Structure formats: structure tokens, C-alpha cells
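This report refers to the structure that appears directly beneath it.
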Amino acid sequence: MTIRIQNRTALVQQVPVAIPGDNEILVQVKAIAINPTDWKRAYAGTICGADYAGEVVKIGPRQDPNFSLRVGDRVAGIVHGGVHKDQGAFAEYVKADAAITWRIPDSISYEEAVTVSVGVLTCIQAMFHPKRLGLVQYPSQVPNQPWILVYGGSTAVGHFAIQLARLSGFSVVTTASPRNHGLMRRLGAKAVFNYRDPNIVKKIKDVTGDSIHIVLDAYSEEESQLICIKAFGPGGGRLMLVQHEAPYIRRLRKDVTVQSTMLYSVFGRPYMMMGKTYEADPADRVQLVEYLRTTLPDHLRRGLLRPMKVHLWEGGLENINDGFQHMIQGRVSAEKLVFRLP
Ligand SMILES: NC(=O)c1ccc[n+]([C@@H]2O[C@H](COP(=O)([O-])OP(=O)(O)OC[C@H]3O[C@@H](n4cnc5c(N)ncnc54)[C@H](OP(=O)(O)O)[C@@H]3O)[C@@H](O)[C@H]2O)c1
């Protein structure tokens, strides 16, 4: 059984189980998580869903020994949902790229593991890729604990960005609703403000001594981009977005470099978005594959990175549309909607 998108609605359908090719595996899915991309960008007739966690049940014919997985391994990862007829996470079985898969440490459940991949990989690309923010990456640390603004700390992207920035030695200022301020501090933020506060820019400038030169906008709607660009200190700096840039935003500060990042580039092939074709950059794939292979499972096992809070949604694949509606209505708050599969 799988979830296919038809006229913006997810339908449960029976389809043949995909056959893994070279450097691919077949995973029996145990848990899936919803991301905004699942309902924002899905084409009719395709299988939906990016984040999955489950058990390897089949290995494709030829495998790169660097990513050797075995039948029975507990794994999680991402696929480019909503574009392929035979590949998407919201299914009983998913065909996955072995290199974009990570082994789940014993201490982490399938439900916790499935909250991690899209959020953390977006951050790794946005924060550490040399063509993006190019920040110092743990175990190296930046000297003198400079401030960084992670706007939208209670989003999934923000949840991991705060933790990763703190590990890299930054002092983090972030934004969230008051009910999430305690969590933001526990994740490592030094200061947190309500994004609905009309004085938010002044408060960020006051607490940081007007020293903001690096901003990751983990929300990236027009209103957040506006706050972010105004928060920069004298001399400007670099603003990284996870959505498209608002058309006028660059004009507001000539001394700020504005960039957008897109996780889809990890799949190593060109992709379409909003009618435009984007080329895949092999370096993007190399960076994320290396992180999954050498770092992520270890950091989760050691507790250096915490998965998100799991909001278990009952009813399995049949209830995905309810989960989409909950998210579209803006009711997801510092948590991941997770569905368990039998
Ligand atoms: N570029 C990429 O590759 C990529 C990858 C992943 C996601 N994204 C994009 O990144 C964005 C975030 O995705 P996500 O999955 O991380 O989000 P999410 O977890 O679904 O976001 C929910 C959170 O948004 C917060 N929020 C709502 N309005 C806000 C505002 N005006 N300012 C700040 N925070 C606000 C809420 O905070 P409170 O509950 O505290 O109010 C809530 O915790 C989406 O637009 C998504 O499409 C892009």
C-alpha cells in the first residue's frame, strides 16, 4: 500500500513493490514523518513522502562497499517524494538510495529517528557547505562564541540548527512562541524572543550588542525575511533562507548576501520547482552523504543531537490527509507528526 497524490489529496493505493537497483535498498517502513514539502510540492500520480525509518529487507545487485548495509539493519533516510511513480516514503516499502540512508543507533526508536533526516540535512547543507554559510563544523569551533540568529527555532529545521550552531561554538539567539522558550534554551539557545513581539528586532540587537552577521531563517516566509534582514548589525553579513527569497529583500541591505538552499540537490539529479529546472551539484551530495556515513549516527548515540518530540498520529497511511490538514492549519509546534506502520 502506498500514498499517491491526486488533485492535492493523498490517496491510499495498491502498487507493486519496487525492485532496488544498483546502490539501492528496499526498506520495510516502520515510521514516516510529515514535512511541509510533502503537500507543497507533490505531483499527481507520484508516491508522496520524504522521511522514512524502517528495516532493510532487500539489497540491490551491486553496492558501493562504503555504504554496505545488510538485510535486517535499522535505517532512516530521505527520498525525493512526490516526483516518482515508484519511490516515496509514504508506503509500506520504500526503495532508497543506500548512500542517503543512515543506521539508527540502538538507543533511538524508529519514531524518533524519522524526526531527524530532512531537518538535520537541510541544516548541514545551509550551515556548513562552503558555497552556503560555510560555518565551522563540530568538533572544530569558532573562537569567541559570536552570535548567530536562528530565526524560527521551533521549526524542524530550527530545532537542529540551534543544536548544530551551539556545537560549533556560536551563541544562539532564536525566535519561537513563548510555550517553546524553555525547549529553545534546553537545545542550546542563549536568548529567545517571541516572533510576534513588535520590538523583536530591537531585542535581538540589544541582547547581541548589534553584532549579528550570520542568520539562518528556518521559517523563510516574507515576514520572517523582513525581521532577519533588519536584525543585521553594522557591516551586514550572510542570510540563508530555506525557501525562495522575497523579491525586495536584497534591496533593504546591500551589505547582506542573501542565498536560498534546497535539500533536493542531494539526490544527484536535476529537479523541477515552480516551473524552473535546477541542476544537481555533485558536491552537495558528497557533503551530505559523508555526514550521514561518518557523523549523524554517532552524534545521536552520544546525545550531542536530540531528535524532535514525536507527535504520534494514529491510523497509519489512511490518516495522512488529517496530518496534512493539521500542518496546513499551522497547528504543528516544535514537534514532528509521525505515523507508525504495522
Ligand atoms: N530548503 C529546504 O530544503 C527545506 C527543507 C526543509 C524545510 N524547508 C522549509 O522550511 C520551512 C520550515 O519547515 P519545517 O518542517 O522546519 O517547519 P515546521 O516544523 O512544520 O514548522 C512549525 C513551526 O513553525 C513555527 N512558526 C510558525 N509561524 C512562524 C513565524 N512567523 N515565525 C517563526 N516561526 C514560526 C511554529 O512555531 P511556534 O509553535 O513556536 O509558534 C512551529 O513550531 C518550511 O517552509 C519548509 O518548506 C525547506
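Each chain in the C-alpha cells gets a letter, A, B, ..., in the order shown, and its residues are numbered from 1; ligands are numbered from 1 in order too.
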* To do: For ligand 1, list the contacting residues at 6 Å or closer, counting only C-alpha atoms and all ligand atoms, as number ranges by chain.
  => A: 35-37, 118-119, 122, 152, 154-157, 176-177, 180, 195, 218-219, 224, 242-243, 261-263, 332-334
* Which polymer residues have any atom within 9 Å of an atom of A:Leu187, counting only C-alpha atoms, with same-chain residues fewer than 2 positions away left out, as number ranges by chain? -> A: 159-160, 162-163, 166, 182-185, 189, 305-306
Using only C-alpha atoms, find each residue of stretch 94-129 of chain A with at least one atom at most 10 Å away from an atom of stretch 49-60 of chain A; report its shortest atom-to-atom pair and that distance in Å (one decimal), sort the rows by chain and rising residue number, and return the result as CSV.
residue,atom,partner,partner_atom,distance
A:Val94,CA,A:Tyr52,CA,8.2
A:Lys95,CA,A:Lys58,CA,9.3
A:Ala96,CA,A:Tyr52,CA,9.6
A:Asp97,CA,A:Gly60,CA,9.9
A:Ala98,CA,A:Ile59,CA,8.9
A:Thr101,CA,A:Ala53,CA,9.3
A:Trp102,CA,A:Ala53,CA,9.4
A:Arg103,CA,A:Ala53,CA,9.6
A:Ile104,CA,A:Ala53,CA,8.5
A:Ser109,CA,A:Ala53,CA,9.2
A:Tyr110,CA,A:Ala53,CA,5.7
A:Glu111,CA,A:Ala53,CA,7.6
A:Glu112,CA,A:Ala53,CA,9.1
A:Ala113,CA,A:Ala53,CA,6.6
A:Val114,CA,A:Ala53,CA,5.4
A:Thr115,CA,A:Asp51,CA,7.7
A:Val116,CA,A:Asp51,CA,8.2
A:Ser117,CA,A:Asp51,CA,6.5
A:Val118,CA,A:Asp51,CA,6.6
A:Gly119,CA,A:Asp51,CA,9.6
Got time to write the residues from that selection, N, CA and C atoms, as a PDB file, in the first residue's frame?
ATOM      1  N   VAL A  94       9.810   1.134   0.812  1.00  0.00           N
ATOM      2  CA  VAL A  94      10.405   2.232   0.050  1.00  0.00           C
ATOM      3  C   VAL A  94      11.737   1.770  -0.540  1.00  0.00           C
ATOM      4  N   LYS A  95      11.911   2.114  -1.826  1.00  0.00           N
ATOM      5  CA  LYS A  95      13.204   1.886  -2.492  1.00  0.00           C
ATOM      6  C   LYS A  95      14.044   3.122  -2.216  1.00  0.00           C
ATOM      7  N   ALA A  96      15.226   2.926  -1.632  1.00  0.00           N
ATOM      8  CA  ALA A  96      16.010   4.086  -1.192  1.00  0.00           C
ATOM      9  C   ALA A  96      17.445   4.004  -1.700  1.00  0.00           C
ATOM     10  N   ASP A  97      18.067   5.151  -1.818  1.00  0.00           N
ATOM     11  CA  ASP A  97      19.472   5.278  -2.189  1.00  0.00           C
ATOM     12  C   ASP A  97      20.298   4.897  -0.950  1.00  0.00           C
ATOM     13  N   ALA A  98      21.127   3.874  -1.062  1.00  0.00           N
ATOM     14  CA  ALA A  98      21.870   3.391   0.122  1.00  0.00           C
ATOM     15  C   ALA A  98      22.756   4.488   0.712  1.00  0.00           C
ATOM     16  N   THR A 101      21.130   7.042   3.382  1.00  0.00           N
ATOM     17  CA  THR A 101      20.486   6.254   4.431  1.00  0.00           C
ATOM     18  C   THR A 101      21.464   6.188   5.599  1.00  0.00           C
ATOM     19  N   TRP A 102      20.963   6.232   6.816  1.00  0.00           N
ATOM     20  CA  TRP A 102      21.872   6.107   7.971  1.00  0.00           C
ATOM     21  C   TRP A 102      21.372   5.033   8.922  1.00  0.00           C
ATOM     22  N   ARG A 103      22.336   4.415   9.603  1.00  0.00           N
ATOM     23  CA  ARG A 103      21.983   3.360  10.562  1.00  0.00           C
ATOM     24  C   ARG A 103      21.494   3.997  11.850  1.00  0.00           C
ATOM     25  N   ILE A 104      20.363   3.521  12.347  1.00  0.00           N
ATOM     26  CA  ILE A 104      19.784   4.082  13.575  1.00  0.00           C
ATOM     27  C   ILE A 104      20.480   3.459  14.781  1.00  0.00           C
ATOM     28  N   SER A 109      14.514   5.067  18.807  1.00  0.00           N
ATOM     29  CA  SER A 109      13.405   4.296  18.228  1.00  0.00           C
ATOM     30  C   SER A 109      13.182   4.716  16.769  1.00  0.00           C
ATOM     31  N   TYR A 110      12.429   3.905  16.030  1.00  0.00           N
ATOM     32  CA  TYR A 110      12.078   4.282  14.651  1.00  0.00           C
ATOM     33  C   TYR A 110      11.331   5.623  14.646  1.00  0.00           C
ATOM     34  N   GLU A 111      10.439   5.803  15.629  1.00  0.00           N
ATOM     35  CA  GLU A 111       9.622   7.024  15.666  1.00  0.00           C
ATOM     36  C   GLU A 111      10.494   8.254  15.896  1.00  0.00           C
ATOM     37  N   GLU A 112      11.511   8.125  16.760  1.00  0.00           N
ATOM     38  CA  GLU A 112      12.420   9.260  16.982  1.00  0.00           C
ATOM     39  C   GLU A 112      13.299   9.483  15.751  1.00  0.00           C
ATOM     40  N   ALA A 113      13.794   8.396  15.176  1.00  0.00           N
ATOM     41  CA  ALA A 113      14.720   8.514  14.039  1.00  0.00           C
ATOM     42  C   ALA A 113      14.069   9.243  12.864  1.00  0.00           C
ATOM     43  N   VAL A 114      12.771   9.012  12.679  1.00  0.00           N
ATOM     44  CA  VAL A 114      12.123   9.575  11.492  1.00  0.00           C
ATOM     45  C   VAL A 114      11.899  11.090  11.632  1.00  0.00           C
ATOM     46  N   THR A 115      12.134  11.640  12.823  1.00  0.00           N
ATOM     47  CA  THR A 115      12.004  13.094  13.002  1.00  0.00           C
ATOM     48  C   THR A 115      13.265  13.844  12.559  1.00  0.00           C
ATOM     49  N   VAL A 116      14.315  13.090  12.174  1.00  0.00           N
ATOM     50  CA  VAL A 116      15.638  13.713  12.064  1.00  0.00           C
ATOM     51  C   VAL A 116      16.036  14.138  10.641  1.00  0.00           C
ATOM     52  N   SER A 117      15.875  13.267   9.637  1.00  0.00           N
ATOM     53  CA  SER A 117      16.663  13.404   8.399  1.00  0.00           C
ATOM     54  C   SER A 117      16.452  14.715   7.641  1.00  0.00           C
ATOM     55  N   VAL A 118      15.210  15.063   7.298  1.00  0.00           N
ATOM     56  CA  VAL A 118      15.011  16.274   6.479  1.00  0.00           C
ATOM     57  C   VAL A 118      15.517  17.509   7.229  1.00  0.00           C
ATOM     58  N   GLY A 119      15.181  17.608   8.505  1.00  0.00           N
ATOM     59  CA  GLY A 119      15.585  18.787   9.273  1.00  0.00           C
ATOM     60  C   GLY A 119      17.092  18.906   9.390  1.00  0.00           C
TER      61      GLY A 119
END
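From atom CA of A:Leu133 back to atom CA of A:Gln225, the distance works out to 16.3 Å.
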* Name all residues at most 9 Å from A:His181 (count only C-alpha atoms; drop same-chain ones fewer than 6 positions away) and give them as a ChimeraX atom specification. => /A:154,175,191-194
Selection above as a file: C-alpha atoms, as a PDB file, in the first residue's frame:
ATOM      1  CA  SER A 154      10.822  25.704  16.959  1.00  0.00           C
ATOM      2  CA  THR A 175      12.573  33.079  17.966  1.00  0.00           C
ATOM      3  CA  ALA A 191      18.392  34.086  24.079  1.00  0.00           C
ATOM      4  CA  VAL A 192      14.902  33.544  22.693  1.00  0.00           C
ATOM      5  CA  PHE A 193      12.170  36.017  21.746  1.00  0.00           C
ATOM      6  CA  ASN A 194       8.569  35.748  20.629  1.00  0.00           C
TER       7      ASN A 194
END
